[in-house]
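A.B. asks: My structure is stored as start-v4.pdb, with PDB, C-alpha atoms.
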```
ATOM      1  CA  MET A   1     -17.706  98.539  88.648
ATOM      2  CA  ARG A   2     -16.000 101.810  87.646
ATOM      3  CA  THR A   3     -12.580 100.092  87.753
ATOM      4  CA  LYS A   4     -13.793  97.212  85.584
ATOM      5  CA  ASN A   5     -15.295  99.557  83.014
ATOM      6  CA  ILE A   6     -12.118 101.680  82.896
ATOM      7  CA  LEU A   7     -10.035  98.532  82.384
ATOM      8  CA  LYS A   8     -12.314  97.415  79.565
ATOM      9  CA  HIS A   9     -11.983 100.749  77.787
ATOM     10  CA  LEU A  10      -8.201 100.786  78.218
ATOM     11  CA  ILE A  11      -7.966  97.391  76.530
ATOM     12  CA  LEU A  12     -10.246  98.493  73.707
ATOM     13  CA  GLY A  13      -8.024 101.541  73.240
ATOM     14  CA  ALA A  14      -4.914  99.375  73.142
ATOM     15  CA  LEU A  15      -6.512  97.225  70.452
ATOM     16  CA  LEU A  16      -7.296 100.268  68.351
ATOM     17  CA  LEU A  17      -3.767 101.655  68.728
ATOM     18  CA  SER A  18      -2.140  98.358  67.836
ATOM     19  CA  THR A  19      -4.233  97.672  64.732
ATOM     20  CA  GLY A  20      -5.314 101.137  63.581
ATOM     21  CA  THR A  21      -8.828  99.823  62.980
ATOM     22  CA  VAL A  22     -11.908  98.872  64.938
ATOM     23  CA  VAL A  23     -11.677  95.153  65.658
ATOM     24  CA  SER A  24     -14.640  92.831  65.642
ATOM     25  CA  GLN A  25     -13.260  90.509  68.338
ATOM     26  CA  VAL A  26     -14.282  92.973  71.058
ATOM     27  CA  THR A  27     -17.309  90.873  71.924
ATOM     28  CA  THR A  28     -19.011  91.682  75.201
ATOM     29  CA  VAL A  29     -21.915  89.261  75.281
ATOM     30  CA  GLY A  30     -22.990  89.077  78.923
ATOM     31  CA  ASN A  31     -21.041  92.187  79.949
ATOM     32  CA  VAL A  32     -23.689  94.551  81.271
ATOM     33  CA  ALA A  33     -22.463  97.876  82.624
ATOM     34  CA  ASN A  34     -22.915  98.588  86.322
ATOM     35  CA  THR A  35     -23.985  95.094  87.331
ATOM     36  CA  SER A  36     -22.321  92.400  89.424
ATOM     37  CA  ASN A  37     -22.048  90.272  86.286
ATOM     38  CA  ASP A  38     -19.322  92.364  84.646
ATOM     39  CA  PHE A  39     -16.136  90.582  83.669
ATOM     40  CA  LEU A  40     -13.234  91.065  81.281
ATOM     41  CA  GLY A  41     -13.486  88.691  78.332
ATOM     42  CA  TRP A  42     -15.950  86.737  76.239
ATOM     43  CA  ASP A  43     -18.979  84.745  77.323
ATOM     44  CA  ASN A  44     -19.221  81.562  75.199
ATOM     45  CA  THR A  45     -18.215  83.545  72.122
ATOM     46  CA  ALA A  46     -14.770  82.572  70.862
ATOM     47  CA  PRO A  47     -13.007  85.424  69.002
ATOM     48  CA  ALA A  48     -11.246  84.826  65.708
ATOM     49  CA  ASN A  49      -7.587  83.793  65.545
ATOM     50  CA  ASN A  50      -4.439  85.942  65.410
ATOM     51  CA  PHE A  51      -5.607  88.989  67.333
ATOM     52  CA  PRO A  52      -3.058  91.154  69.168
ATOM     53  CA  LEU A  53      -4.887  90.477  72.432
ATOM     54  CA  GLU A  54      -7.177  87.633  73.344
ATOM     55  CA  VAL A  55      -8.781  87.564  76.769
ATOM     56  CA  ARG A  56     -11.455  84.933  76.756
ATOM     57  CA  HIS A  57     -14.029  83.660  79.203
ATOM     58  CA  ASP A  58     -15.630  80.409  78.077
ATOM     59  CA  LEU A  59     -17.374  77.939  80.358
ATOM     60  CA  ASP A  60     -15.130  75.043  79.320
ATOM     61  CA  GLN A  61     -12.049  76.773  77.949
ATOM     62  CA  PRO A  62      -8.992  78.455  79.485
ATOM     63  CA  ILE A  63      -8.351  82.183  79.159
ATOM     64  CA  GLN A  64      -5.591  82.874  76.622
ATOM     65  CA  PHE A  65      -3.469  86.012  76.184
ATOM     66  CA  TRP A  66      -1.797  86.964  72.887
ATOM     67  CA  THR A  67       0.497  89.868  71.931
ATOM     68  CA  SER A  68       2.052  90.633  68.537
ATOM     69  CA  ARG A  69      -0.080  87.761  67.240
ATOM     70  CA  TYR A  70       1.792  85.252  69.422
ATOM     71  CA  PHE A  71       0.575  83.153  72.325
ATOM     72  CA  ARG A  72       1.858  84.474  75.680
ATOM     73  CA  ALA A  73      -0.136  83.116  78.627
ATOM     74  CA  LEU A  74      -2.989  80.883  79.708
ATOM     75  CA  ILE A  75      -5.176  80.560  82.805
ATOM     76  CA  ASN A  76      -6.872  77.197  83.277
ATOM     77  CA  GLN A  77     -10.571  76.724  83.553
ATOM     78  CA  LYS A  78     -11.907  74.288  86.180
ATOM     79  CA  VAL A  79     -10.072  71.164  85.040
ATOM     80  CA  THR A  80      -8.455  67.904  86.151
ATOM     81  CA  TYR A  81      -5.704  66.502  83.898
ATOM     82  CA  GLY A  82      -6.088  62.866  82.883
ATOM     83  CA  THR A  83      -2.319  62.391  83.074
ATOM     84  CA  LEU A  84       0.765  64.456  83.841
ATOM     85  CA  GLY A  85       4.096  62.653  83.566
ATOM     86  CA  SER A  86       3.717  59.332  85.379
ATOM     87  CA  PHE A  87       0.660  60.421  87.390
ATOM     88  CA  SER A  88      -3.079  60.624  86.739
ATOM     89  CA  SER A  89      -6.099  62.664  87.878
ATOM     90  CA  ILE A  90      -4.182  65.881  88.613
ATOM     91  CA  PRO A  91      -6.331  68.848  89.807
ATOM     92  CA  ALA A  92      -5.251  71.968  87.910
ATOM     93  CA  ASP A  93      -8.006  74.536  88.491
ATOM     94  CA  GLY A  94      -6.836  78.054  87.719
ATOM     95  CA  PHE A  95      -3.187  77.095  87.109
ATOM     96  CA  THR A  96      -1.412  79.790  85.064
ATOM     97  CA  LEU A  97       1.132  79.369  82.260
ATOM     98  CA  ILE A  98       3.439  82.113  80.955
ATOM     99  CA  THR A  99       5.571  81.266  77.903
ATOM    100  CA  PRO A 100       6.771  82.918  74.678
ATOM    101  CA  SER A 101       6.002  79.741  72.705
ATOM    102  CA  ASP A 102       2.817  77.755  72.120
ATOM    103  CA  HIS A 103       5.034  74.667  71.637
ATOM    104  CA  PHE A 104       4.104  73.927  75.255
ATOM    105  CA  LEU A 105       0.490  73.301  74.254
ATOM    106  CA  GLY A 106       1.489  70.489  71.879
ATOM    107  CA  SER A 107       2.279  68.041  74.708
ATOM    108  CA  ASN A 108      -0.002  66.557  77.352
ATOM    109  CA  PRO A 109      -1.473  67.819  79.573
ATOM    110  CA  LYS A 110      -1.361  70.930  77.346
ATOM    111  CA  GLY A 111      -1.498  73.183  80.386
ATOM    112  CA  PRO A 112       0.528  74.444  83.366
ATOM    113  CA  PHE A 113       1.874  72.018  85.997
ATOM    114  CA  SER A 114       1.420  74.244  89.089
ATOM    115  CA  ARG A 115      -0.205  77.454  90.346
ATOM    116  CA  LEU A 116       2.299  79.426  88.239
ATOM    117  CA  HIS A 117       4.324  77.830  85.439
ATOM    118  CA  LEU A 118       7.088  79.683  83.575
ATOM    119  CA  ALA A 119       8.077  77.884  80.362
ATOM    120  CA  GLU A 120      11.005  79.155  78.306
ATOM    121  CA  GLY A 121      10.623  79.139  74.538
ATOM    122  CA  GLU A 122      13.867  77.272  73.826
ATOM    123  CA  GLY A 123      13.972  73.492  73.334
ATOM    124  CA  ASP A 124      11.545  71.166  75.075
ATOM    125  CA  ASN A 125       9.622  73.523  77.361
ATOM    126  CA  ALA A 126       7.051  70.975  78.588
ATOM    127  CA  GLN A 127       9.371  68.463  80.307
ATOM    128  CA  PRO A 128       7.275  66.466  82.854
ATOM    129  CA  THR A 129       9.977  63.969  83.931
ATOM    130  CA  GLY A 130      10.610  65.534  87.342
ATOM    131  CA  TYR A 131       6.964  66.303  88.089
ATOM    132  CA  ARG A 132       5.390  65.041  91.333
ATOM    133  CA  PRO A 133       1.751  65.578  92.430
ATOM    134  CA  TRP A 134       2.827  67.688  95.435
ATOM    135  CA  GLN A 135       4.107  70.393  93.057
ATOM    136  CA  ARG A 136       0.959  72.484  93.283
ATOM    137  CA  ASN A 137       1.166  75.738  95.245
ATOM    138  CA  GLY A 138       4.377  77.123  93.810
ATOM    139  CA  ILE A 139       6.273  78.034  90.643
ATOM    140  CA  THR A 140       7.279  75.461  88.027
ATOM    141  CA  PHE A 141      10.103  76.173  85.573
ATOM    142  CA  THR A 142      10.540  74.257  82.295
ATOM    143  CA  GLY A 143      12.850  74.822  79.347
ATOM    144  CA  ASN A 144      15.880  73.362  77.588
ATOM    145  CA  GLY A 145      14.448  69.875  78.207
ATOM    146  CA  ASP A 146      14.487  70.214  82.023
ATOM    147  CA  GLN A 147      12.204  71.121  84.926
ATOM    148  CA  GLY A 148      12.269  72.637  88.411
ATOM    149  CA  TYR A 149       9.866  73.777  91.140
ATOM    150  CA  ILE A 150       9.933  76.197  94.079
ATOM    151  CA  GLY A 151       7.018  76.157  96.492
ATOM    152  CA  GLN A 152       5.107  74.319  99.164
ATOM    153  CA  LYS A 153       4.950  70.559  99.672
ATOM    154  CA  TYR A 154       1.959  69.573 101.765
ATOM    155  CA  ASN A 155       1.419  66.658 104.167
ATOM    156  CA  HIS A 156       4.946  65.280 104.396
ATOM    157  CA  GLY A 157       4.742  61.617 105.438
ATOM    158  CA  ASN A 158       0.931  61.782 105.078
ATOM    159  CA  GLU A 159       0.690  64.029 108.145
ATOM    160  CA  SER A 160      -2.047  66.645 107.851
ATOM    161  CA  ASP A 161      -1.235  70.332 108.426
ATOM    162  CA  PHE A 162       2.445  69.626 107.739
ATOM    163  CA  THR A 163       4.064  71.827 105.079
ATOM    164  CA  ASP A 164       7.635  71.905 103.762
ATOM    165  CA  MET A 165       9.125  74.611 101.544
ATOM    166  CA  VAL A 166      10.869  72.906  98.631
ATOM    167  CA  ILE A 167      13.444  73.741  95.964
ATOM    168  CA  GLN A 168      13.381  70.885  93.431
ATOM    169  CA  TRP A 169      15.199  70.338  90.149
ATOM    170  CA  SER A 170      15.328  67.459  87.702
ATOM    171  CA  ASP A 171      16.987  66.059  84.621
ATOM    172  CA  ASN A 172      16.116  63.636  81.851
ATOM    173  CA  PRO A 173      15.145  60.020  82.671
ATOM    174  CA  GLY A 174      17.875  57.852  84.181
ATOM    175  CA  ASN A 175      19.541  56.837  87.438
ATOM    176  CA  TRP A 176      22.530  59.162  87.114
ATOM    177  CA  LYS A 177      22.391  62.668  85.766
ATOM    178  CA  GLY A 178      24.438  65.750  86.428
ATOM    179  CA  ASP A 179      22.283  68.894  86.323
ATOM    180  CA  ARG A 180      23.332  70.981  89.303
ATOM    181  CA  MET A 181      21.742  73.281  91.849
ATOM    182  CA  ARG A 182      23.999  76.360  92.014
ATOM    183  CA  PHE A 183      24.129  79.507  94.153
ATOM    184  CA  ILE A 184      25.673  82.432  92.231
ATOM    185  CA  PHE A 185      26.468  86.026  93.239
ATOM    186  CA  SER A 186      27.102  88.728  90.629
ATOM    187  CA  SER A 187      28.187  92.366  90.631
ATOM    188  CA  ALA A 188      28.933  94.906  87.878
ATOM    189  CA  TYR A 189      30.206  93.176  84.729
ATOM    190  CA  ASN A 190      33.732  94.129  83.655
ATOM    191  CA  GLY A 191      34.692  91.315  81.291
ATOM    192  CA  ALA A 192      36.422  89.138  83.895
ATOM    193  CA  SER A 193      36.633  85.441  83.009
ATOM    194  CA  THR A 194      35.417  84.233  86.407
ATOM    195  CA  GLY A 195      34.195  85.692  89.687
ATOM    196  CA  MET A 196      31.482  88.152  90.603
ATOM    197  CA  ASN A 197      32.374  90.576  87.751
ATOM    198  CA  SER A 198      32.261  87.878  85.051
ATOM    199  CA  GLU A 199      29.331  86.945  82.859
ATOM    200  CA  GLU A 200      29.013  83.683  84.801
ATOM    201  CA  GLY A 201      29.175  85.285  88.240
ATOM    202  CA  LEU A 202      30.730  84.014  91.467
ATOM    203  CA  GLU A 203      29.595  80.554  92.478
ATOM    204  CA  GLY A 204      29.318  80.095  96.237
ATOM    205  CA  MET A 205      27.930  76.565  96.424
ATOM    206  CA  ARG A 206      26.606  73.775  94.261
ATOM    207  CA  LEU A 207      24.667  70.553  94.796
ATOM    208  CA  TYR A 208      25.709  67.805  92.394
ATOM    209  CA  PRO A 209      23.722  64.529  91.969
ATOM    210  CA  HIS A 210      26.769  62.290  91.671
ATOM    211  CA  GLU A 211      24.792  59.033  91.867
ATOM    212  CA  HIS A 212      21.131  58.096  91.883
ATOM    213  CA  ASP A 213      20.902  57.898  95.694
ATOM    214  CA  PHE A 214      23.043  60.791  97.002
ATOM    215  CA  ILE A 215      24.056  64.382  96.268
ATOM    216  CA  ASN A 216      27.504  65.907  96.762
ATOM    217  CA  VAL A 217      27.612  69.409  98.295
ATOM    218  CA  GLY A 218      30.420  71.713  97.233
ATOM    219  CA  VAL A 219      31.417  75.052  98.784
ATOM    220  CA  GLY A 220      33.434  77.313  96.508
ATOM    221  CA  ASP A 221      33.594  78.452  92.879
ATOM    222  CA  PHE A 222      33.571  75.082  91.119
ATOM    223  CA  PHE A 223      32.827  76.784  87.790
ATOM    224  CA  ALA A 224      36.140  78.658  87.977
ATOM    225  CA  ASP A 225      37.855  75.416  89.029
ATOM    226  CA  GLY A 226      36.269  73.451  86.175
ATOM    227  CA  SER A 227      35.229  70.613  88.474
ATOM    228  CA  ASP A 228      32.350  69.186  90.526
ATOM    229  CA  PRO A 229      32.221  68.227  94.217
ATOM    230  CA  SER A 230      33.834  64.802  94.574
ATOM    231  CA  GLU A 231      32.686  64.039  98.136
ATOM    232  CA  ARG A 232      29.463  64.340 100.100
ATOM    233  CA  LEU A 233      30.867  67.631 101.472
ATOM    234  CA  HIS A 234      33.671  69.236  99.460
ATOM    235  CA  VAL A 235      35.252  72.574 100.429
ATOM    236  CA  LEU A 236      37.111  73.720  97.333
ATOM    237  CA  ASN A 237      39.446  76.144  99.095
ATOM    238  CA  GLY A 238      39.787  77.901 102.424
ATOM    239  CA  LYS A 239      38.967  76.323 105.786
ATOM    240  CA  ALA A 240      35.918  74.799 107.414
ATOM    241  CA  LEU A 241      35.181  76.033 110.947
ATOM    242  CA  ILE A 242      33.194  73.674 113.149
TER     243      ILE A 242
END
```
Starting from the file, give its structure as structure tokens.

C.D. replies:
Amino acid sequence: MRTKNILKHLILGALLLSTGTVVSQVTTVGNVANTSNDFLGWDNTAPANNFPLEVRHDLDQPIQFWTSRYFRALINQKVTYGTLGSFSSIPADGFTLITPSDHFLGSNPKGPFSRLHLAEGEGDNAQPTGYRPWQRNGITFTGNGDQGYIGQKYNHGNESDFTDMVIQWSDNPGNWKGDRMRFIFSSAYNGASTGMNSEEGLEGMRLYPHEHDFINVGVGDFFADGSDPSERLHVLNGKALI
């Protein structure tokens, strides 16, 4: 209880420092000191808009975080989305969204796609095209009109207690698209045009969806070459030892 009370007072202090005044949104209905019922937030009492910090606990609402009067993050309440992309009835209890833009909340399902969802502020940051229901216990990335996921994929082939680790990426709707999976190494920047000391970095490998039913794998710095892998396995330079 001591830790919870200290945390509460630290947040109150931060509010005072950021505004210079006592703020009325510090509502603690239901927060009784030194009891097992203590929590950080609000109990069925929604604070007013545009506060530097909003940490809210409502029975049927997510918790939202704001800084500098801008939306920053959200933690879901107990909820099942009606639809997400092409799928329905998606459990999303406690999923967490971190984004510098509330543009995300303007598109269904108006919440995060997986256990942790990082949404960039640029462009369409709520792209659901590549979403699949197995993208649950992992990290979703959306921004610039695209989507990706790193995490667990349960019950491969409908087998129970069978878990794959997955790196997934997607592009806009269509049979053929060219967004790539790239592996890049970088070192100290010195203004070089390509390689590990360049702004781009040194590309070691890329996966290129050349057609809708296969992916070409390229080994080498294809960025420096200005090309993409043209075969199922393409070694740009050097030798392959088998």

A.B. asks: Would you pick out the contacts of stretch 188-194 of chain A at 12 Å or less, using only C-alpha atoms, so that residues sharing its chain but fewer than 5 positions from it are not included, and give the list as a PyMOL selection string?

C.D. replies: chain A and resi 199-203+221-226

A.B. asks: Which residues, named as in the file, does the PyMOL selection byres ((chain A and resi 75-79) around 9) pick out? Answer as an mmCIF file with C-alpha atoms, in the coordinates of the input.

C.D. replies:
```cif
data_model
loop_
_atom_site.group_PDB
_atom_site.id
_atom_site.type_symbol
_atom_site.label_atom_id
_atom_site.label_comp_id
_atom_site.auth_asym_id
_atom_site.auth_seq_id
_atom_site.Cartn_x
_atom_site.Cartn_y
_atom_site.Cartn_z
ATOM 1 C CA HIS A 57 -14.029 83.660 79.203
ATOM 2 C CA ASP A 58 -15.630 80.409 78.077
ATOM 3 C CA LEU A 59 -17.374 77.939 80.358
ATOM 4 C CA ASP A 60 -15.130 75.043 79.320
ATOM 5 C CA GLN A 61 -12.049 76.773 77.949
ATOM 6 C CA PRO A 62 -8.992 78.455 79.485
ATOM 7 C CA ILE A 63 -8.351 82.183 79.159
ATOM 8 C CA GLN A 64 -5.591 82.874 76.622
ATOM 9 C CA PHE A 65 -3.469 86.012 76.184
ATOM 10 C CA ALA A 73 -0.136 83.116 78.627
ATOM 11 C CA LEU A 74 -2.989 80.883 79.708
ATOM 12 C CA THR A 80 -8.455 67.904 86.151
ATOM 13 C CA TYR A 81 -5.704 66.502 83.898
ATOM 14 C CA ILE A 90 -4.182 65.881 88.613
ATOM 15 C CA PRO A 91 -6.331 68.848 89.807
ATOM 16 C CA ALA A 92 -5.251 71.968 87.910
ATOM 17 C CA ASP A 93 -8.006 74.536 88.491
ATOM 18 C CA GLY A 94 -6.836 78.054 87.719
ATOM 19 C CA PHE A 95 -3.187 77.095 87.109
ATOM 20 C CA THR A 96 -1.412 79.790 85.064
ATOM 21 C CA LEU A 97 1.132 79.369 82.260
ATOM 22 C CA ILE A 98 3.439 82.113 80.955
ATOM 23 C CA GLY A 111 -1.498 73.183 80.386
ATOM 24 C CA PRO A 112 0.528 74.444 83.366
#
```

A.B. asks: Once the PyMOL selection byres ((chain A and resi 148) around 9) is applied to the coordinates I shared, what remains selected? I want it as a PDB file with C-alpha atoms, in the frame of the given file.

C.D. replies:
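Produced file selection-v1.pdb, reproduced below:
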```pdb
ATOM      1  CA  GLY A 130      10.610  65.534  87.342  1.00  0.00           C
ATOM      2  CA  TYR A 131       6.964  66.303  88.089  1.00  0.00           C
ATOM      3  CA  ILE A 139       6.273  78.034  90.643  1.00  0.00           C
ATOM      4  CA  THR A 140       7.279  75.461  88.027  1.00  0.00           C
ATOM      5  CA  PHE A 141      10.103  76.173  85.573  1.00  0.00           C
ATOM      6  CA  THR A 142      10.540  74.257  82.295  1.00  0.00           C
ATOM      7  CA  ASP A 146      14.487  70.214  82.023  1.00  0.00           C
ATOM      8  CA  GLN A 147      12.204  71.121  84.926  1.00  0.00           C
ATOM      9  CA  TYR A 149       9.866  73.777  91.140  1.00  0.00           C
ATOM     10  CA  ILE A 150       9.933  76.197  94.079  1.00  0.00           C
ATOM     11  CA  ILE A 167      13.444  73.741  95.964  1.00  0.00           C
ATOM     12  CA  GLN A 168      13.381  70.885  93.431  1.00  0.00           C
ATOM     13  CA  TRP A 169      15.199  70.338  90.149  1.00  0.00           C
ATOM     14  CA  SER A 170      15.328  67.459  87.702  1.00  0.00           C
ATOM     15  CA  ASP A 171      16.987  66.059  84.621  1.00  0.00           C
TER      16      ASP A 171
END
```

A.B. asks: Quick one: of A:Pro100, A:Gly85, A:Gly145, A:Pro209, who's nearest to A:Arg132, counting only C-alpha atoms?

C.D. replies: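 The shortest atom-to-atom distance to A:Arg132 comes from A:Gly85.
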
A.B. asks: If we count all atoms listed in the file, what is near stretch 151-165 of chain A at a cut-off of 7 Å, once residues fewer than 3 positions away on the same chain are taken out, given as a list in words?

C.D. replies: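 Returned residues: Trp134, Gln135, Asn137, Gly138 and Ile139 of chain A.
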
A.B. asks: Could you tell me how far atom CA of A:Val219 sits from atom CA of A:Leu241, in Å to one decimal place?

C.D. replies: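 Answer for the atom CA of A:Leu241 to atom CA of A:Val219 separation: 12.8 Å.
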
A.B. asks: In Å to one decimal, how far is atom CA of A:Asn125 from atom CA of A:Gly82?

C.D. replies: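 Computing it gives 19.8 Å between the two atoms.
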
A.B. asks: Could you tell me how far atom CA of A:Asn197 sits from atom CA of A:Gly121, in Å to one decimal place?

C.D. replies: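 If I compute the distance from atom CA of A:Gly121 to atom CA of A:Asn197, I get 27.9 Å.
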
A.B. asks: Just checking: using only C-alpha atoms, which residue out of A:Pro109, A:Gly143, A:Pro229, A:Gly238 ends up closest to A:Leu207?

C.D. replies: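 Looking only at the distances to A:Leu207, the closest residue turns out to be A:Pro229.
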